[in-house]
file my_file.txt (compact mmCIF, C-alpha atoms)
# COMPACT_ATOMS: atom_id res chain seq x y z
CA ALA A 1 22.48 39.27 14.78
CA GLN A 2 20.94 42.60 14.01
CA SER A 3 17.23 42.58 13.32
CA VAL A 4 14.26 44.88 12.99
CA THR A 5 10.71 44.02 13.96
CA GLN A 6 7.62 45.91 12.93
CA PRO A 7 4.85 44.28 14.99
CA ASP A 8 1.96 45.66 12.98
CA ILE A 9 1.59 44.31 9.46
CA HIS A 10 -1.43 46.44 8.65
CA ILE A 11 -2.89 49.55 10.31
CA THR A 12 -6.02 51.48 9.42
CA VAL A 13 -6.62 55.00 10.70
CA SER A 14 -9.15 57.67 9.89
CA GLU A 15 -8.04 60.77 8.06
CA GLY A 16 -7.11 63.44 10.60
CA ALA A 17 -6.39 60.93 13.33
CA SER A 18 -2.98 60.49 14.90
CA LEU A 19 -0.66 57.69 13.85
CA GLU A 20 2.03 55.67 15.53
CA LEU A 21 3.93 52.89 13.77
CA ARG A 22 6.05 50.66 15.93
CA CYS A 23 9.59 49.54 15.32
CA ASN A 24 11.84 47.46 17.57
CA TYR A 25 15.42 46.64 16.81
CA SER A 26 18.01 44.24 18.09
CA TYR A 27 21.55 45.50 18.11
CA GLY A 28 24.34 45.60 20.64
CA ALA A 29 25.44 49.18 20.20
CA THR A 30 23.64 52.36 19.28
CA PRO A 31 22.36 51.76 15.79
CA TYR A 32 21.68 54.11 12.96
CA LEU A 33 17.89 54.10 12.51
CA PHE A 34 15.76 55.01 9.52
CA TRP A 35 12.16 55.17 8.41
CA TYR A 36 11.29 54.83 4.73
CA VAL A 37 7.96 55.09 2.94
CA GLN A 38 7.03 53.18 -0.21
CA SER A 39 4.01 54.16 -2.26
CA PRO A 40 2.63 51.67 -4.80
CA GLY A 41 4.89 51.42 -7.82
CA GLN A 42 7.41 53.79 -6.27
CA GLY A 43 10.82 53.39 -4.77
CA LEU A 44 11.49 53.85 -1.09
CA GLN A 45 11.77 57.42 0.15
CA LEU A 46 13.60 58.37 3.31
CA LEU A 47 11.33 59.99 5.89
CA LEU A 48 13.83 60.52 8.69
CA LYS A 49 16.91 59.12 10.36
CA TYR A 50 18.56 58.97 13.76
CA PHE A 51 22.29 58.80 14.31
CA SER A 52 22.87 60.44 17.68
CA GLY A 53 21.90 63.39 19.83
CA ASP A 54 18.31 64.47 20.33
CA THR A 55 16.20 61.34 20.53
CA LEU A 56 13.20 63.02 18.90
CA VAL A 57 13.84 63.52 15.22
CA GLN A 58 11.77 65.39 12.71
CA GLY A 59 11.33 64.24 9.16
CA ILE A 60 9.57 65.15 5.98
CA LYS A 61 5.79 65.20 5.45
CA GLY A 62 5.15 66.03 9.10
CA PHE A 63 6.53 62.77 10.50
CA GLU A 64 8.62 62.42 13.62
CA ALA A 65 10.19 59.48 15.43
CA GLU A 66 11.51 58.93 18.91
CA PHE A 67 14.50 56.76 19.77
CA LYS A 68 14.11 54.97 23.11
CA ARG A 69 17.21 53.03 24.00
CA SER A 70 15.64 51.38 27.04
CA GLN A 71 12.89 49.92 24.88
CA SER A 72 15.01 49.33 21.76
CA SER A 73 12.35 51.19 19.85
CA PHE A 74 12.13 53.82 17.16
CA ASN A 75 8.43 54.51 16.66
CA LEU A 76 7.15 56.74 13.90
CA ARG A 77 4.41 59.26 14.63
CA LYS A 78 2.27 61.81 12.87
CA PRO A 79 -0.30 63.96 14.67
CA SER A 80 -2.81 64.12 11.81
CA VAL A 81 -2.86 61.64 8.95
CA HIS A 82 -3.74 62.65 5.40
CA TRP A 83 -5.19 60.32 2.78
CA SER A 84 -1.96 60.65 0.81
CA ASP A 85 -0.06 59.00 3.67
CA ALA A 86 -1.50 55.63 2.71
CA ALA A 87 1.55 53.56 1.82
CA GLU A 88 3.92 50.97 3.20
CA TYR A 89 6.37 52.04 5.87
CA PHE A 90 9.68 50.40 6.58
CA CYS A 91 11.91 50.77 9.59
CA ALA A 92 15.58 50.01 9.00
CA VAL A 93 18.75 49.76 11.03
CA GLY A 94 22.23 50.47 9.77
CA PRO A 95 24.61 48.53 11.93
CA SER A 96 27.72 49.91 10.35
CA SER A 97 28.56 53.52 9.79
CA ASN A 98 31.04 52.55 7.10
CA THR A 99 29.11 50.34 4.73
CA GLY A 100 25.66 51.84 4.60
CA LYS A 101 24.19 48.35 4.75
CA LEU A 102 20.57 48.54 5.87
CA ILE A 103 18.51 45.85 7.54
CA PHE A 104 14.81 46.40 7.00
CA GLY A 105 11.77 45.34 8.94
CA GLN A 106 8.96 43.58 7.14
CA GLY A 107 6.96 46.76 6.77
CA THR A 108 3.63 48.15 7.94
CA THR A 109 0.88 48.90 5.46
CA LEU A 110 -1.08 52.02 6.35
CA GLN A 111 -4.62 52.41 5.13
CA VAL A 112 -6.37 55.76 5.63
CA LYS A 113 -10.16 55.88 5.89
CA PRO A 114 -11.94 58.99 4.68
CA GLU B 115 18.14 65.99 -10.46
CA ALA B 116 16.96 62.79 -12.06
CA GLY B 117 16.37 59.88 -9.74
CA VAL B 118 17.53 56.29 -9.96
CA VAL B 119 16.28 54.74 -13.18
CA GLN B 120 15.49 51.07 -13.53
CA SER B 121 14.31 49.05 -16.45
CA PRO B 122 12.28 47.17 -17.24
CA ARG B 123 9.61 47.99 -14.69
CA TYR B 124 7.93 44.64 -15.16
CA LYS B 125 9.16 41.33 -16.52
CA ILE B 126 7.38 38.03 -16.93
CA ILE B 127 9.41 34.98 -17.90
CA GLU B 128 9.17 31.24 -17.71
CA LYS B 129 11.34 29.32 -15.30
CA LYS B 130 14.78 28.38 -16.50
CA GLN B 131 14.93 31.45 -18.73
CA PRO B 132 17.55 34.15 -18.21
CA VAL B 133 16.62 37.69 -17.23
CA ALA B 134 18.52 40.93 -16.74
CA PHE B 135 17.74 44.14 -14.91
CA TRP B 136 19.36 47.48 -15.56
CA CYS B 137 19.99 50.37 -13.19
CA ASN B 138 21.22 53.89 -13.84
CA PRO B 139 22.10 55.60 -10.55
CA ILE B 140 21.96 59.28 -9.77
CA SER B 141 24.79 61.14 -11.45
CA GLY B 142 27.81 61.41 -9.20
CA HIS B 143 26.77 58.61 -6.87
CA ASN B 144 29.68 56.28 -6.32
CA THR B 145 27.85 53.61 -4.32
CA LEU B 146 25.21 51.39 -5.85
CA TYR B 147 23.05 48.76 -4.16
CA TRP B 148 20.85 45.96 -5.44
CA TYR B 149 18.09 44.81 -3.10
CA LEU B 150 15.61 41.96 -3.32
CA GLN B 151 12.12 42.62 -1.98
CA ASN B 152 9.82 39.64 -1.60
CA LEU B 153 6.10 40.19 -1.32
CA GLY B 154 5.18 41.47 2.12
CA GLN B 155 8.80 41.82 3.19
CA GLY B 156 11.37 44.54 3.50
CA PRO B 157 14.24 44.84 1.05
CA GLU B 158 17.30 42.63 1.52
CA LEU B 159 20.70 43.63 0.23
CA LEU B 160 22.07 41.48 -2.57
CA ILE B 161 25.19 43.37 -3.53
CA ARG B 162 26.86 46.71 -2.97
CA TYR B 163 29.26 48.44 -5.34
CA GLU B 164 31.70 51.18 -4.60
CA ASN B 165 32.50 52.55 -8.04
CA GLU B 166 33.04 49.43 -10.15
CA GLU B 167 34.09 47.18 -7.28
CA ALA B 168 31.66 44.78 -5.63
CA VAL B 169 32.54 45.26 -1.97
CA ASP B 170 29.71 43.25 -0.42
CA ASP B 171 28.16 40.38 -2.36
CA SER B 172 27.78 37.96 0.51
CA GLN B 173 24.01 37.70 0.04
CA LEU B 174 24.11 37.21 -3.72
CA PRO B 175 23.29 33.61 -4.76
CA LYS B 176 26.25 33.23 -7.01
CA ASP B 177 25.16 29.98 -8.59
CA ARG B 178 22.52 31.79 -10.61
CA PHE B 179 22.89 35.50 -9.95
CA SER B 180 25.55 37.79 -11.33
CA ALA B 181 26.02 41.52 -11.42
CA GLU B 182 28.33 44.01 -13.00
CA ARG B 183 28.95 47.71 -12.88
CA LEU B 184 31.16 48.59 -15.76
CA LYS B 185 32.84 52.00 -15.61
CA GLY B 186 31.34 52.54 -12.18
CA VAL B 187 28.06 53.97 -13.45
CA ASP B 188 25.26 51.75 -14.77
CA SER B 189 24.76 48.30 -13.35
CA THR B 190 23.15 45.10 -14.54
CA LEU B 191 21.82 42.27 -12.41
CA LYS B 192 21.32 38.93 -14.13
CA ILE B 193 19.61 35.71 -13.18
CA GLN B 194 20.31 32.56 -15.14
CA PRO B 195 18.37 30.36 -14.97
CA ALA B 196 15.41 31.90 -13.18
CA GLU B 197 13.42 29.85 -10.68
CA LEU B 198 9.86 30.26 -9.45
CA GLY B 199 11.15 31.56 -6.12
CA ASP B 200 12.90 34.45 -7.83
CA SER B 201 9.57 36.20 -8.33
CA ALA B 202 10.02 39.46 -6.43
CA VAL B 203 10.80 43.13 -6.83
CA TYR B 204 14.43 43.99 -7.51
CA LEU B 205 15.36 47.43 -6.23
CA CYS B 206 18.38 49.49 -7.12
CA ALA B 207 19.60 52.29 -4.89
CA SER B 208 22.50 54.69 -4.99
CA SER B 209 24.28 57.03 -2.62
CA ARG B 210 27.01 59.59 -3.05
CA LEU B 211 29.35 57.57 -0.89
CA ALA B 212 29.11 54.47 1.25
CA GLY B 213 28.24 54.77 4.91
CA ALA B 214 25.17 55.34 7.00
CA TYR B 215 25.48 59.11 6.75
CA ASN B 216 24.88 59.04 3.01
CA GLU B 217 21.22 58.76 2.10
CA GLN B 218 20.30 55.94 -0.23
CA PHE B 219 17.99 56.90 -3.07
CA PHE B 220 15.87 54.08 -4.43
CA GLY B 221 14.59 53.41 -7.90
CA PRO B 222 11.02 52.19 -8.54
CA GLY B 223 12.16 48.61 -8.92
CA THR B 224 11.66 45.83 -11.43
CA ARG B 225 8.86 43.42 -10.64
CA LEU B 226 9.80 39.94 -11.85
CA THR B 227 7.26 37.18 -12.27
CA VAL B 228 8.57 33.70 -13.03
CA LEU B 229 5.97 31.28 -14.38
call {"tool": "encode", "arguments": {"input": "my_file.txt", "output": "structure tokens"}}
result
Amino acid sequence: AQSVTQPDIHITVSEGASLELRCNYSYGATPYLFWYVQSPGQGLQLLLKYFSGDTLVQGIKGFEAEFKRSQSSFNLRKPSVHWSDAAEYFCAVGPSSNTGKLIFGQGTTLQVKP
Amino acid sequence: EAGVVQSPRYKIIEKKQPVAFWCNPISGHNTLYWYLQNLGQGPELLIRYENEEAVDDSQLPKDRFSAERLKGVDSTLKIQPAELGDSAVYLCASSRLAGAYNEQFFGPGTRLTVL
């Protein structure tokens, strides 16, 4: 069965420091991969997505992610974190191109220290 | 353009009571999703509509949950009767069409507390 694992439940980084959030997936074929961000009281917002092609994808708000097939990973990175990045981040896999059904990881809460 | 609208934002009820959630998707979006998000977890799909047809309701607990999308626009998700374990956030999302290539836009959710 398809699944997504986000190993880190909670991460704290200092403002200005770099960030990497981990995501591992289990799926037989090349999946469609997504990262969403959820701020308190807000809906999920798409940061970036990977379907095919270049394995390094750029997203909004200065985020990027790299697809590594050999490691079944799709880690999210940002070179310099801002206080406004504090939120919950979800990795998701879309096993079917036709349905749009998404399977989400359990999320990683990012706290940013001043 | 206006985003996905959900109401109410918060709802507190006692167990065994009925409750309903309403969702207005982005104009022109044919596909509508209802997700359940338990505390500390990622969203889980409950049901997906393409226009007014429920095309994937395999995860919807049909003994107590029901949903409808009349006229292929607004949608309502109902629980009757509610149980303590139903306390969660119920998210609605919409996309122009079904399929992974069509971005899903999420509403702010309805936070349900069952006492």
call {"tool": "closest_residue", "arguments": {"input": "my_file.txt", "among": "B:Leu226, B:Ala181, B:Ala212, B:Leu191", "to": "Leu153 of chain B", "atoms": "only C-alpha atoms"}}
result
B:Leu226
call {"tool": "residues_around", "arguments": {"input": "my_file.txt", "residues": "segment 67-75 of chain A", "least_positions_apart": "2", "cutoff": "10 Å", "atoms": "all atoms listed in the file", "output": "ChimeraX atom specification"}}
result
/A:4-6,20-27,29-31,33-35,49-57,64-65,77,91-93
call {"tool": "interface_residues", "arguments": {"input": "my_file.txt", "of": "chain A", "to": "chain B", "cutoff": "6 Å", "atoms": "all atoms listed in the file", "output": "VMD selection string"}}
result
chain A and resid 42 to 44 97 to 100 104 to 107
call {"tool": "closest_residue", "arguments": {"input": "my_file.txt", "among": "A:Pro40, A:Tyr32, A:Ser3, A:Gln45", "to": "Val203 of chain B", "atoms": "all atoms listed in the file"}}
result
A:Pro40
call {"tool": "atom_distance", "arguments": {"input": "my_file.txt", "atom1": "atom CA of Leu160 of chain B", "atom2": "atom CA of Thr109 of chain A"}}
result
23.8 Å
call {"tool": "residues_near_point", "arguments": {"input": "my_file.txt", "point": "(10.3, 55.1, 2.2)", "cutoff": "7 Å", "atoms": "only C-alpha atoms", "output": "list of chain:residue names"}}
result
A:Trp35, A:Tyr36, A:Val37, A:Gln38, A:Leu44, A:Gln45, A:Leu46, A:Leu47, A:Tyr89, A:Phe90
call {"tool": "residues_near_point", "arguments": {"input": "my_file.txt", "point": "(10.3, 35.7, -8.5)", "cutoff": "8 Å", "atoms": "only C-alpha atoms", "output": "NGL selection string"}}
result
:B and (152 or 196-203 or 226-228)
call {"tool": "atom_distance", "arguments": {"input": "my_file.txt", "atom1": "atom CA of Ile103 of chain A", "atom2": "atom CA of Leu150 of chain B"}}
result
11.9 Å
call {"tool": "atom_distance", "arguments": {"input": "my_file.txt", "atom1": "atom CA of Gly59 of chain A", "atom2": "atom CA of Gln2 of chain A"}}
result
24.2 Å
call {"tool": "closest_residue", "arguments": {"input": "my_file.txt", "among": "A:Ala87, A:Ile60, A:Leu102, A:Val81", "to": "Ile9 of chain A", "atoms": "all atoms listed in the file"}}
result
A:Ala87
call {"tool": "build_atoms", "arguments": {"input": "my_file.txt", "residues": "segment 155-184 of chain B", "atoms": "N, CA and C atoms", "output": "CSV table (one decimal), keeping the file's coordinate frame"}}
result
chain,number,residue,atom,x,y,z
B,155,GLN,N,7.5,41.8,2.4
B,155,GLN,CA,8.8,41.8,3.2
B,155,GLN,C,9.5,43.1,2.9
B,156,GLY,N,10.5,43.4,3.8
B,156,GLY,CA,11.4,44.5,3.5
B,156,GLY,C,12.5,44.1,2.6
B,157,PRO,N,13.1,45.1,2.0
B,157,PRO,CA,14.2,44.8,1.0
B,157,PRO,C,15.4,44.2,1.8
B,158,GLU,N,16.1,43.3,1.0
B,158,GLU,CA,17.3,42.6,1.5
B,158,GLU,C,18.4,42.9,0.6
B,159,LEU,N,19.6,43.3,1.1
B,159,LEU,CA,20.7,43.6,0.2
B,159,LEU,C,21.2,42.4,-0.5
B,160,LEU,N,21.4,42.5,-1.8
B,160,LEU,CA,22.1,41.5,-2.6
B,160,LEU,C,23.5,41.8,-2.8
B,161,ILE,N,23.8,43.0,-3.2
B,161,ILE,CA,25.2,43.4,-3.5
B,161,ILE,C,25.4,44.9,-3.4
B,162,ARG,N,26.5,45.3,-3.1
B,162,ARG,CA,26.9,46.7,-3.0
B,162,ARG,C,28.2,47.0,-3.8
B,163,TYR,N,28.1,48.0,-4.6
B,163,TYR,CA,29.3,48.4,-5.3
B,163,TYR,C,29.8,49.8,-4.8
B,164,GLU,N,31.1,49.9,-4.8
B,164,GLU,CA,31.7,51.2,-4.6
B,164,GLU,C,32.5,51.4,-5.9
B,165,ASN,N,32.0,52.4,-6.7
B,165,ASN,CA,32.5,52.6,-8.0
B,165,ASN,C,32.3,51.2,-8.8
B,166,GLU,N,33.3,50.7,-9.4
B,166,GLU,CA,33.0,49.4,-10.2
B,166,GLU,C,33.3,48.2,-9.3
B,167,GLU,N,33.7,48.3,-8.1
B,167,GLU,CA,34.1,47.2,-7.3
B,167,GLU,C,32.9,46.7,-6.4
B,168,ALA,N,32.7,45.4,-6.5
B,168,ALA,CA,31.7,44.8,-5.6
B,168,ALA,C,32.3,44.6,-4.3
B,169,VAL,N,31.9,45.3,-3.3
B,169,VAL,CA,32.5,45.3,-2.0
B,169,VAL,C,31.8,44.4,-1.0
B,170,ASP,N,30.5,44.1,-1.3
B,170,ASP,CA,29.7,43.2,-0.4
B,170,ASP,C,28.7,42.5,-1.3
B,171,ASP,N,29.1,41.2,-1.6
B,171,ASP,CA,28.2,40.4,-2.4
B,171,ASP,C,27.8,39.1,-1.6
B,172,SER,N,27.9,39.2,-0.3
B,172,SER,CA,27.8,38.0,0.5
B,172,SER,C,26.4,37.4,0.4
B,173,GLN,N,25.4,38.2,0.1
B,173,GLN,CA,24.0,37.7,0.0
B,173,GLN,C,23.6,37.4,-1.4
B,174,LEU,N,24.5,37.5,-2.3
B,174,LEU,CA,24.1,37.2,-3.7
B,174,LEU,C,24.3,35.7,-4.0
B,175,PRO,N,23.2,35.1,-4.4
B,175,PRO,CA,23.3,33.6,-4.8
B,175,PRO,C,24.1,33.4,-6.0
B,176,LYS,N,25.3,33.2,-5.9
B,176,LYS,CA,26.2,33.2,-7.0
B,176,LYS,C,26.1,32.1,-8.0
B,177,ASP,N,25.3,31.1,-7.6
B,177,ASP,CA,25.2,30.0,-8.6
B,177,ASP,C,24.3,30.4,-9.8
B,178,ARG,N,23.4,31.4,-9.5
B,178,ARG,CA,22.5,31.8,-10.6
B,178,ARG,C,22.5,33.3,-10.8
B,179,PHE,N,22.9,34.1,-9.9
B,179,PHE,CA,22.9,35.5,-10.0
B,179,PHE,C,24.3,36.0,-10.3
B,180,SER,N,24.3,37.1,-11.1
B,180,SER,CA,25.6,37.8,-11.3
B,180,SER,C,25.2,39.3,-11.5
B,181,ALA,N,26.2,40.1,-11.3
B,181,ALA,CA,26.0,41.5,-11.4
B,181,ALA,C,27.3,42.1,-11.9
B,182,GLU,N,27.2,43.3,-12.6
B,182,GLU,CA,28.3,44.0,-13.0
B,182,GLU,C,28.0,45.5,-13.0
B,183,ARG,N,29.1,46.3,-12.8
B,183,ARG,CA,29.0,47.7,-12.9
B,183,ARG,C,30.2,48.2,-13.6
B,184,LEU,N,30.1,48.2,-14.9
B,184,LEU,CA,31.2,48.6,-15.8
B,184,LEU,C,31.3,50.1,-15.7
